[in-house]
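Shown next, in structure tokens, is the structure this report addresses.
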Amino acid sequence: MEVSSYLFLGLVYVYVLGPALVVVVASFNSATSFPSPFQAFTLRWYVQLFRHREFVQSMQVSLVVAGAAASIATLLGGPAAFVFVRSRFQGRHAFMALFTTPLVVPQIVLGLAMLQFLSVLKLPITMVGLVLIHAVFVLPYTLRAMVTSLTHFDRTLEEAATSLGASWIRTLWHVTLPLTRTGFTVGFVLAFVVSFVNVPLSLFLAAPGSTTLPIRLFAYIESRLDPLVAAVGAFLILVAFATTLFVDRVLRLRLLL
């Protein structure tokens, strides 16, 4: 690779990771305002973060909502992906477009529509409703990842397994799913991240006991702005990095199809 290619790649990394690095550095700043010139190294803001009961509770809520929504989207997207890839029926593309509709509908509109829907049914706003609307929104991400993985799957491997006497269930469990697990993993991780950082949907459907971390952070910023905000951002960056490292090194899965 030429020097110019390395230089271009380095500039791309700086452009992508530069803001995250600034946030991480600011989280160790002893200054009392954000943003502010770096004064001295301190862990004060991380101590305050984990002593802040509302932030800790919101982290737990976001983890539960994102994990549940990503799981539901993966469980629904998997069978749907098999149908769209393996079956040929009239209106297949129309149904595929219907499943991806949440991607083109503004999130504010989707959240407001869900709020009105719950109001018409006279149902209370609970964490269950928040999980379901998040699952609807992230379903297209899991579906597209799984469809891509199944499309590039060599079906002769399934034929070889069945010709050797394996039932379709054993073939699915021991051949198809292991060889397409990258797509399922990518879909789950992407859905989890998108749900975890979502603001518009949570803004309409978050109840006092189910306030997600992004909503809690926005409420905190309205009253004051200090490096505690950067500490929250740095913590989220660390969680994302640790998740990626775990999937890549421990599960031996690459998050690229």
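Convention: chains lettered A, B, ... in structure tokens order; per-chain residue numbering from 1; ligands numbered from 1 as shown.
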Next on the checklist: Can you tell me which residues surround A:Gln57 at a distance of at most 9 Å, considering only C-alpha atoms, apart from same-chain residues fewer than 4 positions away, and format the answer as a list in words?
Outcome noted: His52, Arg53, Val61, Ser62, Gly209, Ser210, Thr211, Thr212 and Leu213 of chain A
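For A:Ala231, the residues within 8 Å (counting only C-alpha atoms, excluding itself and residues fewer than 5 positions away along the chain) are Val23, Val24, Ala26, Ser27, Phe28, Trp45, Tyr46 and Leu49 of chain A.
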Print the selection's residues with N, CA and C atoms to a file, as a tab-separated table (two decimals), in the first residue's frame.
chain	number	residue	atom	x	y	z
A	23	VAL	N	-13.81	13.53	23.87
A	23	VAL	CA	-14.73	13.27	24.97
A	23	VAL	C	-14.04	12.49	26.08
A	24	VAL	N	-13.25	11.48	25.71
A	24	VAL	CA	-12.55	10.67	26.71
A	24	VAL	C	-11.57	11.52	27.51
A	26	ALA	N	-11.67	14.78	27.96
A	26	ALA	CA	-12.42	15.75	28.76
A	26	ALA	C	-13.01	15.12	30.01
A	27	SER	N	-13.26	13.82	29.98
A	27	SER	CA	-13.84	13.16	31.15
A	27	SER	C	-12.85	13.09	32.32
A	28	PHE	N	-11.56	13.28	32.06
A	28	PHE	CA	-10.54	13.28	33.11
A	28	PHE	C	-10.09	14.69	33.47
A	45	TRP	N	-15.12	12.80	38.12
A	45	TRP	CA	-16.39	12.72	37.39
A	45	TRP	C	-16.88	11.29	37.27
A	46	TYR	N	-15.96	10.33	37.23
A	46	TYR	CA	-16.38	8.93	37.20
A	46	TYR	C	-16.92	8.50	38.56
A	49	LEU	N	-20.28	9.88	38.68
A	49	LEU	CA	-21.18	9.16	37.77
A	49	LEU	C	-21.78	7.95	38.46
Item to check | Close residues, A:Leu217 itself excluded, 12 Å, only C-alpha atoms, min 4 positions apart in chain, as a PyMOL selection string | outcome: chain A and resi 49+52+54-56+58-59+62+197-199+203+211-213+221-226+228-233
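The nearest approach to A:Thr74 among the residues A:Thr151, A:Thr185, A:Gln90, A:Ser30, with only C-alpha atoms taken into account, belongs to A:Thr185.
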Item to check | Neighbour list for A:Thr180 as number ranges by chain, cut-off 8 Å, only C-alpha atoms, skip fewer than 2 positions in-chain | outcome: A: 146, 149-150, 153, 176-178, 182-184
Selection from above, N, CA and C atoms, as a PDB file, in the first residue's frame, can you write it?
ATOM      1  N   MET A 146     -29.219 -10.217   8.314  1.00  0.00           N
ATOM      2  CA  MET A 146     -29.465 -11.644   8.144  1.00  0.00           C
ATOM      3  C   MET A 146     -29.735 -11.998   6.689  1.00  0.00           C
ATOM      4  N   SER A 149     -26.416 -12.155   4.950  1.00  0.00           N
ATOM      5  CA  SER A 149     -25.671 -13.359   5.302  1.00  0.00           C
ATOM      6  C   SER A 149     -26.248 -14.595   4.612  1.00  0.00           C
ATOM      7  N   LEU A 150     -27.567 -14.718   4.582  1.00  0.00           N
ATOM      8  CA  LEU A 150     -28.196 -15.879   3.949  1.00  0.00           C
ATOM      9  C   LEU A 150     -28.054 -15.842   2.432  1.00  0.00           C
ATOM     10  N   PHE A 153     -24.820 -17.357   1.436  1.00  0.00           N
ATOM     11  CA  PHE A 153     -24.599 -18.697   1.978  1.00  0.00           C
ATOM     12  C   PHE A 153     -24.622 -19.737   0.860  1.00  0.00           C
ATOM     13  N   THR A 176     -26.434 -24.547   8.820  1.00  0.00           N
ATOM     14  CA  THR A 176     -26.870 -23.213   8.373  1.00  0.00           C
ATOM     15  C   THR A 176     -26.590 -22.134   9.407  1.00  0.00           C
ATOM     16  N   LEU A 177     -27.065 -22.335  10.626  1.00  0.00           N
ATOM     17  CA  LEU A 177     -26.904 -21.300  11.650  1.00  0.00           C
ATOM     18  C   LEU A 177     -25.443 -21.029  12.005  1.00  0.00           C
ATOM     19  N   PRO A 178     -24.596 -22.048  12.182  1.00  0.00           N
ATOM     20  CA  PRO A 178     -23.188 -21.742  12.475  1.00  0.00           C
ATOM     21  C   PRO A 178     -22.492 -20.960  11.373  1.00  0.00           C
ATOM     22  N   THR A 182     -22.527 -14.901  11.707  1.00  0.00           N
ATOM     23  CA  THR A 182     -21.980 -13.551  11.629  1.00  0.00           C
ATOM     24  C   THR A 182     -23.071 -12.541  11.333  1.00  0.00           C
ATOM     25  N   GLY A 183     -23.958 -12.876  10.401  1.00  0.00           N
ATOM     26  CA  GLY A 183     -25.060 -11.974  10.071  1.00  0.00           C
ATOM     27  C   GLY A 183     -25.994 -11.764  11.242  1.00  0.00           C
ATOM     28  N   PHE A 184     -26.273 -12.837  11.972  1.00  0.00           N
ATOM     29  CA  PHE A 184     -27.148 -12.722  13.142  1.00  0.00           C
ATOM     30  C   PHE A 184     -26.483 -11.879  14.231  1.00  0.00           C
TER      31      PHE A 184
END
Next on the checklist: Can you pull out the residues contacting A:Leu139? Cut-off 9 Å, using only C-alpha atoms, and skip same-chain residues under 2 positions away; I want them as an NGL selection string.
Outcome noted: :A and (69-70 or 72-74 or 76-77 or 99-100 or 102 or 134-137 or 141-144 or 187 or 191)
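Across A:Phe41, A:Ala81, A:Phe192, A:Pro140, the tightest approach to A:Thr101 is made by A:Pro140 when counting only C-alpha atoms.
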